[in-house]
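Report on the structure given below.
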There are 2 protein chains.
Amino acid sequence: MSAQTQPPSPEHFFEAVTAYQRSAALKAAVEIGLFTAVAEGRRDARSIAERCGAAERGVRILSDFLVITGFLTKDAGGYGLTQDSAIFLDRRSPAYMGGTLEFLLAPSLLKGFEELAGAVRKGGTVVPEGGTVSVENPIWEKFARAMVPMAAPVAGQLPPLVGARQEGKFKVLDLAAGHGLYGLAFARHNPEAEVVALDWPGVLEVAKEHARAAGVAERYSTIEGDAFGAEFGEGYDVVLLTNFLHHFDPPTCEQLLRKVHAALNEGGAALTLEFVPNEDRVTPPLAAAFSLTMLAGTDGGDAYTYPELERMFANAGFSSSEAHPLTASPQQAIVSRA
Amino acid sequence: MSAQTQPPSPEHFFEAVTAYQRSAALKAAVEIGLFTAVAEGRRDARSIAERCGAAERGVRILSDFLVITGFLTKDAGGYGLTQDSAIFLDRRSPAYMGGTLEFLLAPSLLKGFEELAGAVRKGGTVVPEGGTVSVENPIWEKFARAMVPMAAPVAGQLPPLVGARQEGKFKVLDLAAGHGLYGLAFARHNPEAEVVALDWPGVLEVAKEHARAAGVAERYSTIEGDAFGAEFGEGYDVVLLTNFLHHFDPPTCEQLLRKVHAALNEGGAALTLEFVPNEDRVTPPLAAAFSLTMLAGTDGGDAYTYPELERMFANAGFSSSEAHPLTASPQQAIVSRA
């Protein structure tokens, strides 16, 4: 038992019991555009409600809750935005994050948490067909459309990490490409780079939209399928494994990594983007806590520590791995040389 | 916009996005008896899993998450309980609170939060038939059985607040009695006091069990029905309104309070137990935040401020009201004289 200096209180218990309301309130506020209405200058419940097409009572109660939970301010002049809400929750802001809730709070993701005790007893998701990694699960189209604001600040950091050339032939394979932003960062970095994106057909439509928008469609090709079954081809300088390994158990990861190793040129690199907890598995909190999402939503996935990742790559034939912190992200990049 | 000294960060946003996982993890841990297993001395995932009939992987990931969220400790010797977890989450502890989750996280209560934007737009619950106050909603039997640990530390504080005599004839009406603990506190306080409990039949079975256990069954009678339709009789010294008014809008409350007033003796008192936010409606946090539960789960309920409650009682004919803080509770007691 840890030493505590405060008197016993069930407060922490009740805070956790009601924590689900914080997620629900944030989602509701984003859905009705409440933060944007306040950003536009509407400061009382009636005028916010009018702008959002909602009831004044509903907006008053929700707004007060958002004050209590630190997303709004309230003073004699009415409701206002905090600095972070203005930057991340006003739809007109370039750093708007509200759209990520379409994925992060999608009912199919929450499903795994509804009967979490079942997942703890079983040791894996109780959602049928392996949860979120089931074949052509439509959640990944949602992911590809919604998660751009989280990937954008990170993607540009990746090419220098593998020492990617800024000119000349360069071939990149983007596994489970999703929105495609990580692969596209290489196409931007080197005007001769070719990017091959692999994902399910519906998801690739989103990646191709982004490739067209980036003006690199002629250097962008796709492979439809999943990373375990599809033929990769060969001659790649870089293979991207962004937010992918955490869905699978170590033997499954190693099996994939052997295939990745075979597709790489000599001296080529696998670039992995992951939540990497310390070996205590409880720090840093965001990376370590991600493990529960994998318990709830997959058969055998996890947030792997760096030694665990290093071992998988070594077992698959890679000669060395190196971890790199990223700015504006709780994740790390691991560069593993073939 | 408030002045902030820290650089912008979406961290607070992500903390709220994933807050629902804290509720789910706590519920899963209570359901499998994880805290009790650790209290019994099991400190590693394998032996905790064995005791709980769960998978080692599930227990390891859940336990680490509970360390991150402050419910367990972790050191070289393994997992341990925090002071508060030992007191409130070990099933063998007299202050065990785990059972309250049967009510506080009941699927039918969570339902109102699943589509909270709908409730904000409408200004009231989108759950059919007025949500939690629907006729003979089985949630209230769950409430009566689960919420004893929250009521027990408060019930004994009530009789002195209304100056209840400790001997002689004394008649108490306990409206929407639930577990019955508040009314039973008066039966304990005065060995001649008679208590009449009103609630739906299934709920009254629980209250009667508690009356028998307290040895006061011969002074305990019941009225089956709801507080709006049932005949109260008259000649009461005290009418209890514990956690009841918050489910209804002010006109509905006033209508009920007039009926309560008519049932009281001259000089008798209504005793109300409520979450009472300050007039800013955002402090204290726990009382103020309760309003959102009423938006999600009722047609027109709210966490009323003291001036709002005072006005309802005055409009219903009460001569005076007075608020009293309670120990070991985020709620207040309001004594209103007939």
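Chains: A, B, ... in order of the structure tokens. Residues: from 1 per chain. Ligands: from 1, in order shown.
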Exercise: region 258-274 of chain B partners within 7 Å, only C-alpha atoms, chain neighbours under 6 positions left out, as a list in words: Val162, Phe232, Gly233, Glu234, Gly235, Tyr236, Asp237, Val238, Val239, Leu240, Leu241, Thr242, Asn243, Ala316, Gly317, Phe318, Gln331, Gln332, Ala333, Ile334, Val335, Ser336, Arg337 and Ala338 of chain B
Prev. selection, N, CA and C atoms, output as a short mmCIF file (atom, residue, chain, number, x, y, z; two decimals), in the first residue's frame:
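Output file result.cif is given in full below:
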```cif
data_model
loop_
_atom_site.label_atom_id
_atom_site.label_comp_id
_atom_site.auth_asym_id
_atom_site.auth_seq_id
_atom_site.Cartn_x
_atom_site.Cartn_y
_atom_site.Cartn_z
N VAL B 162 -33.60 18.17 11.46
CA VAL B 162 -34.99 18.68 11.56
C VAL B 162 -35.42 18.74 13.02
N PHE B 232 -51.06 10.23 0.18
CA PHE B 232 -50.05 10.22 1.25
C PHE B 232 -50.66 9.98 2.64
N GLY B 233 -51.95 10.32 2.82
CA GLY B 233 -52.48 10.45 4.17
C GLY B 233 -51.99 11.77 4.74
N GLU B 234 -52.03 11.91 6.10
CA GLU B 234 -51.62 13.20 6.68
C GLU B 234 -51.06 13.01 8.08
N GLY B 235 -50.74 14.13 8.71
CA GLY B 235 -50.24 14.06 10.08
C GLY B 235 -48.76 13.71 10.18
N TYR B 236 -48.01 14.03 9.15
CA TYR B 236 -46.58 13.72 9.17
C TYR B 236 -45.78 14.84 9.84
N ASP B 237 -44.78 14.44 10.61
CA ASP B 237 -43.85 15.41 11.19
C ASP B 237 -42.73 15.75 10.21
N VAL B 238 -42.38 14.75 9.41
CA VAL B 238 -41.32 14.96 8.42
C VAL B 238 -41.69 14.23 7.13
N VAL B 239 -41.47 14.88 5.99
CA VAL B 239 -41.55 14.19 4.70
C VAL B 239 -40.16 14.26 4.07
N LEU B 240 -39.64 13.10 3.68
CA LEU B 240 -38.30 13.02 3.09
C LEU B 240 -38.37 13.07 1.57
N LEU B 241 -37.56 13.95 0.99
CA LEU B 241 -37.44 14.07 -0.48
C LEU B 241 -35.97 13.89 -0.82
N THR B 242 -35.51 12.66 -0.81
CA THR B 242 -34.08 12.42 -0.98
C THR B 242 -33.79 12.01 -2.43
N ASN B 243 -32.97 12.83 -3.08
CA ASN B 243 -32.60 12.57 -4.48
C ASN B 243 -33.81 12.35 -5.37
N ALA B 316 -44.88 26.69 -2.95
CA ALA B 316 -45.76 25.59 -2.54
C ALA B 316 -46.32 25.80 -1.14
N GLY B 317 -46.02 26.95 -0.51
CA GLY B 317 -46.64 27.27 0.78
C GLY B 317 -45.75 27.09 1.99
N PHE B 318 -44.50 26.68 1.79
CA PHE B 318 -43.61 26.51 2.94
C PHE B 318 -43.16 27.89 3.44
N GLN B 331 -23.55 16.19 -1.24
CA GLN B 331 -24.91 16.73 -1.28
C GLN B 331 -25.19 17.65 -0.09
N GLN B 332 -26.32 18.34 -0.17
CA GLN B 332 -26.77 19.18 0.94
C GLN B 332 -28.16 18.73 1.36
N ALA B 333 -28.50 19.06 2.61
CA ALA B 333 -29.85 18.82 3.11
C ALA B 333 -30.56 20.17 3.23
N ILE B 334 -31.79 20.24 2.75
CA ILE B 334 -32.58 21.47 2.87
C ILE B 334 -33.77 21.16 3.78
N VAL B 335 -33.90 21.91 4.85
CA VAL B 335 -35.04 21.74 5.75
C VAL B 335 -36.03 22.87 5.48
N SER B 336 -37.24 22.49 5.06
CA SER B 336 -38.26 23.50 4.73
C SER B 336 -39.45 23.31 5.67
N ARG B 337 -39.80 24.37 6.37
CA ARG B 337 -40.87 24.29 7.36
C ARG B 337 -42.24 24.55 6.74
N ALA B 338 -43.22 23.76 7.15
CA ALA B 338 -44.58 23.89 6.60
C ALA B 338 -45.23 25.17 7.13
#
```
For Ala144 (chain B): contacts at 8 Å, only C-alpha atoms, fewer than 2 positions along chain excluded, given as a PyMOL selection string: chain B and resi 140-142+146-148+178-180+203+206-207
Using C-alpha atoms, can you write the selected residues to a file as a PDB file, in the first residue's frame?
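Output saved as out_33.pdb:
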```pdb
ATOM      1  CA  TRP B 140     -34.657   1.722  -9.114  1.00  0.00           C
ATOM      2  CA  GLU B 141     -34.531  -1.749  -7.639  1.00  0.00           C
ATOM      3  CA  LYS B 142     -30.883  -1.787  -8.692  1.00  0.00           C
ATOM      4  CA  ALA B 146     -26.539  -0.935  -4.842  1.00  0.00           C
ATOM      5  CA  MET B 147     -26.512   2.492  -3.259  1.00  0.00           C
ATOM      6  CA  VAL B 148     -26.582   1.539   0.426  1.00  0.00           C
ATOM      7  CA  GLY B 178     -35.514   3.317  -2.453  1.00  0.00           C
ATOM      8  CA  HIS B 179     -33.347   1.356  -0.016  1.00  0.00           C
ATOM      9  CA  GLY B 180     -35.238   3.103   2.804  1.00  0.00           C
ATOM     10  CA  VAL B 203     -38.308  -1.343  -4.691  1.00  0.00           C
ATOM     11  CA  VAL B 206     -35.727  -3.933  -0.641  1.00  0.00           C
ATOM     12  CA  ALA B 207     -36.759  -1.219   1.855  1.00  0.00           C
TER      13      ALA B 207
END
```
Residues near region 39-55 of chain B, cut-off 7 Å, only C-alpha atoms, skip fewer than 3 positions along chain, as number ranges by chain: A: 120-123; B: 32-36, 58-60, 78-81, 86, 90
For Phe248 (chain A): contacts at 8 Å, only C-alpha atoms, fewer than 2 positions along chain excluded, given as a list in words: Leu245, His246, Pro250, Thr252, Cys253, Thr298, Asp299, Gly300, Gly301 and Asp302 of chain A
Which chain A residues have any atom within 7 Å of an atom of chain B, and for each, what is the nearest pair of atoms with distance in Å to one decimal, counting only C-alpha atoms, rows sorted by chain and number, as a tab-separated table?
```
residue	atom	partner	partner_atom	distance
A:Met1	CA	B:Leu81	CA	5.0
A:Ser2	CA	B:Thr82	CA	5.4
A:Gln4	CA	B:Gln83	CA	6.5
A:Pro8	CA	B:Asp84	CA	5.6
A:Ser9	CA	B:Asp84	CA	6.4
A:Pro10	CA	B:Phe88	CA	6.8
A:Ala16	CA	B:Ser23	CA	5.2
A:Val17	CA	B:Ser23	CA	4.8
A:Thr18	CA	B:Ser23	CA	6.6
A:Ala19	CA	B:Ala19	CA	5.2
A:Tyr20	CA	B:Tyr20	CA	3.6
A:Arg22	CA	B:Ala16	CA	5.6
A:Ser23	CA	B:Val17	CA	4.8
A:Ala24	CA	B:Phe113	CA	6.1
A:Ala28	CA	B:Ala117	CA	4.3
A:Glu31	CA	B:Ala117	CA	6.6
A:Ile32	CA	B:Ala117	CA	6.7
A:Gly53	CA	B:Arg121	CA	6.6
A:Ala54	CA	B:Arg121	CA	3.7
A:Ala55	CA	B:Gly123	CA	4.8
A:Glu56	CA	B:Gly123	CA	6.9
A:Arg57	CA	B:Gly123	CA	5.3
A:Gly58	CA	B:Val120	CA	3.9
A:Val59	CA	B:Val120	CA	5.9
A:Ile61	CA	B:Leu292	CA	6.0
A:Leu62	CA	B:Leu292	CA	6.5
A:Asp64	CA	B:Val282	CA	5.7
A:Phe65	CA	B:Ala289	CA	5.6
A:Val67	CA	B:Val282	CA	6.7
A:Ile68	CA	B:Val282	CA	5.6
A:Thr73	CA	B:Ser2	CA	6.8
A:Gly80	CA	B:Met1	CA	5.5
A:Leu81	CA	B:Met1	CA	5.1
A:Thr82	CA	B:Met1	CA	5.4
A:Gln83	CA	B:Met1	CA	6.4
A:Asp84	CA	B:Pro8	CA	5.6
A:Phe88	CA	B:Pro10	CA	6.8
A:Phe113	CA	B:Ala24	CA	6.2
A:Leu116	CA	B:Ala28	CA	5.7
A:Ala117	CA	B:Ala28	CA	4.3
A:Ala119	CA	B:Gly58	CA	6.6
A:Val120	CA	B:Gly58	CA	3.9
A:Arg121	CA	B:Ala54	CA	3.7
A:Lys122	CA	B:Ala55	CA	5.5
A:Gly123	CA	B:Gly58	CA	4.3
A:Gly124	CA	B:Gly58	CA	6.9
A:Arg281	CA	B:Asp64	CA	6.6
A:Val282	CA	B:Ile68	CA	5.6
A:Pro285	CA	B:Ile68	CA	6.0
A:Ala289	CA	B:Phe65	CA	5.6
A:Ser291	CA	B:Ile61	CA	6.4
A:Leu292	CA	B:Ile61	CA	6.0
A:Leu295	CA	B:Gly58	CA	6.8
```
Output of the above residues as a PDB file, in the first residue's frame, restricted to C-alpha atoms:
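The result, stored in result.pdb:
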```pdb
ATOM      1  CA  MET A   1       0.000   0.000   0.000  1.00  0.00           C
ATOM      2  CA  SER A   2       1.413   3.400  -0.887  1.00  0.00           C
ATOM      3  CA  GLN A   4      -0.909   8.680   1.347  1.00  0.00           C
ATOM      4  CA  PRO A   8      -9.489   8.546   2.727  1.00  0.00           C
ATOM      5  CA  SER A   9     -12.021   9.765   0.197  1.00  0.00           C
ATOM      6  CA  PRO A  10     -14.114   8.061  -2.466  1.00  0.00           C
ATOM      7  CA  ALA A  16     -13.498   7.605 -12.551  1.00  0.00           C
ATOM      8  CA  VAL A  17     -17.074   6.321 -12.334  1.00  0.00           C
ATOM      9  CA  THR A  18     -18.340   9.448 -14.081  1.00  0.00           C
ATOM     10  CA  ALA A  19     -15.341   9.850 -16.412  1.00  0.00           C
ATOM     11  CA  TYR A  20     -17.349   8.446 -19.334  1.00  0.00           C
ATOM     12  CA  ARG A  22     -16.471  13.711 -20.126  1.00  0.00           C
ATOM     13  CA  SER A  23     -16.032  11.779 -23.381  1.00  0.00           C
ATOM     14  CA  ALA A  24     -19.755  11.976 -24.128  1.00  0.00           C
ATOM     15  CA  ALA A  28     -21.843  16.095 -28.162  1.00  0.00           C
ATOM     16  CA  GLU A  31     -21.234  17.249 -33.016  1.00  0.00           C
ATOM     17  CA  ILE A  32     -23.459  20.300 -32.525  1.00  0.00           C
ATOM     18  CA  GLY A  53     -29.979  24.196 -33.758  1.00  0.00           C
ATOM     19  CA  ALA A  54     -30.242  22.924 -30.186  1.00  0.00           C
ATOM     20  CA  ALA A  55     -32.362  23.543 -27.098  1.00  0.00           C
ATOM     21  CA  GLU A  56     -31.299  26.337 -24.743  1.00  0.00           C
ATOM     22  CA  ARG A  57     -31.605  24.018 -21.723  1.00  0.00           C
ATOM     23  CA  GLY A  58     -29.437  21.405 -23.409  1.00  0.00           C
ATOM     24  CA  VAL A  59     -26.769  23.940 -24.345  1.00  0.00           C
ATOM     25  CA  ILE A  61     -26.247  22.253 -19.101  1.00  0.00           C
ATOM     26  CA  LEU A  62     -23.660  20.988 -21.589  1.00  0.00           C
ATOM     27  CA  ASP A  64     -21.609  24.367 -17.754  1.00  0.00           C
ATOM     28  CA  PHE A  65     -20.291  20.807 -17.805  1.00  0.00           C
ATOM     29  CA  VAL A  67     -16.638  24.702 -17.923  1.00  0.00           C
ATOM     30  CA  ILE A  68     -16.323  22.214 -15.062  1.00  0.00           C
ATOM     31  CA  THR A  73     -14.584  29.506 -19.451  1.00  0.00           C
ATOM     32  CA  GLY A  80     -15.672  31.649 -23.667  1.00  0.00           C
ATOM     33  CA  LEU A  81     -13.087  29.317 -25.178  1.00  0.00           C
ATOM     34  CA  THR A  82      -9.910  28.236 -23.439  1.00  0.00           C
ATOM     35  CA  GLN A  83      -6.719  28.694 -25.443  1.00  0.00           C
ATOM     36  CA  ASP A  84      -6.630  24.998 -26.356  1.00  0.00           C
ATOM     37  CA  PHE A  88      -8.199  22.488 -31.459  1.00  0.00           C
ATOM     38  CA  PHE A 113     -15.133  -1.425 -23.788  1.00  0.00           C
ATOM     39  CA  LEU A 116     -14.381  -5.046 -20.763  1.00  0.00           C
ATOM     40  CA  ALA A 117     -14.530  -7.614 -17.942  1.00  0.00           C
ATOM     41  CA  ALA A 119     -12.009  -9.162 -22.483  1.00  0.00           C
ATOM     42  CA  VAL A 120     -10.008  -9.342 -19.237  1.00  0.00           C
ATOM     43  CA  ARG A 121     -11.331 -12.848 -18.534  1.00  0.00           C
ATOM     44  CA  LYS A 122     -10.636 -13.998 -22.091  1.00  0.00           C
ATOM     45  CA  GLY A 123      -7.372 -12.099 -22.562  1.00  0.00           C
ATOM     46  CA  GLY A 124      -8.550 -10.511 -25.803  1.00  0.00           C
ATOM     47  CA  ARG A 281       4.512  -0.437 -18.748  1.00  0.00           C
ATOM     48  CA  VAL A 282       2.863   2.410 -16.811  1.00  0.00           C
ATOM     49  CA  PRO A 285       0.785   7.486 -19.341  1.00  0.00           C
ATOM     50  CA  ALA A 289      -2.593   3.335 -21.457  1.00  0.00           C
ATOM     51  CA  SER A 291      -2.491  -1.150 -24.249  1.00  0.00           C
ATOM     52  CA  LEU A 292      -6.058  -1.265 -22.864  1.00  0.00           C
ATOM     53  CA  LEU A 295      -7.038  -5.550 -25.077  1.00  0.00           C
TER      54      LEU A 295
END
```
Pick from B:Pro191, B:Asp226, B:Ala197, B:Leu181, whichever lies nearest to Ala213 (chain B) using only C-alpha atoms: B:Leu181
Backbone DSSP call of alpha helix (DSSP H) for region 46-161 of chain B, listed as a PyMOL selection string: chain B and resi 46-52+56-68+83-88+101-104+107-114+116-122+139-146+148-155+158-161
Counting only C-alpha atoms, the option among A:Ile139, A:Arg212, A:Arg91, A:Ala37 closest to Gly297 (chain A):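 Of A:Ile139, A:Arg212, A:Arg91, A:Ala37, the one nearest Gly297 (chain A), counting only C-alpha atoms, is A:Ile139.
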Per-residue DSSP, region 95-243 of chain B, filtered to strand (DSSP E or B), as an MDAnalysis selection string: chainID B and resid 170:175 193:199 220:224 236:242
Atom-to-atom span, CA of Asn315 (chain B) and CA of Glu254 (chain B), Å: 6.9 Å
Between CA of Ala323 (chain B) and CA of Glu279 (chain B) - distance in Å to one decimal: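 CA of Ala323 (chain B) lies 14.1 Å from CA of Glu279 (chain B).
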Interatomic distance, CA of Ala187 (chain A) to CA of Ser221 (chain A) (Å, one decimal):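 The value is 11.7 Å.
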If we count only C-alpha atoms, what is near Tyr182 (chain B) at a cut-off of 9 Å, once residues fewer than 4 positions away on the same chain are taken out, given as a CSV table (one decimal) with N, CA and C atoms, in the first residue's frame?
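Done, and the output landed in around_17.csv:
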```csv
chain,number,residue,atom,x,y,z
B,151,ALA,N,-25.5,5.9,1.0
B,151,ALA,CA,-26.5,6.5,1.8
B,151,ALA,C,-26.2,6.3,3.3
B,152,ALA,N,-25.5,5.2,3.6
B,152,ALA,CA,-25.3,4.8,5.0
B,152,ALA,C,-24.6,5.9,5.8
B,154,VAL,N,-24.6,9.0,5.5
B,154,VAL,CA,-25.4,10.2,5.5
B,154,VAL,C,-26.7,10.1,6.3
B,155,ALA,N,-27.3,9.0,6.3
B,155,ALA,CA,-28.7,8.8,6.8
B,155,ALA,C,-28.8,9.3,8.3
B,156,GLY,N,-27.8,8.9,9.1
B,156,GLY,CA,-27.8,9.2,10.5
B,156,GLY,C,-27.7,10.7,10.8
B,158,LEU,N,-29.4,13.0,9.3
B,158,LEU,CA,-30.6,13.7,9.0
B,158,LEU,C,-31.6,14.0,10.2
B,159,PRO,N,-31.9,13.1,11.1
B,159,PRO,CA,-32.9,13.4,12.1
B,159,PRO,C,-32.5,14.6,12.9
B,174,ASP,N,-41.5,8.7,3.8
B,174,ASP,CA,-40.2,8.6,3.0
B,174,ASP,C,-40.7,8.4,1.5
B,177,ALA,N,-38.7,6.0,-1.5
B,177,ALA,CA,-37.8,5.6,-0.4
B,177,ALA,C,-36.6,4.8,-0.9
B,186,PHE,N,-34.7,7.7,11.0
B,186,PHE,CA,-35.6,8.3,12.0
B,186,PHE,C,-36.2,7.2,12.9
B,240,LEU,N,-39.6,13.1,3.7
B,240,LEU,CA,-38.3,13.0,3.1
B,240,LEU,C,-38.4,13.1,1.6
B,242,THR,N,-35.5,12.7,-0.8
B,242,THR,CA,-34.1,12.4,-1.0
B,242,THR,C,-33.8,12.0,-2.4
```
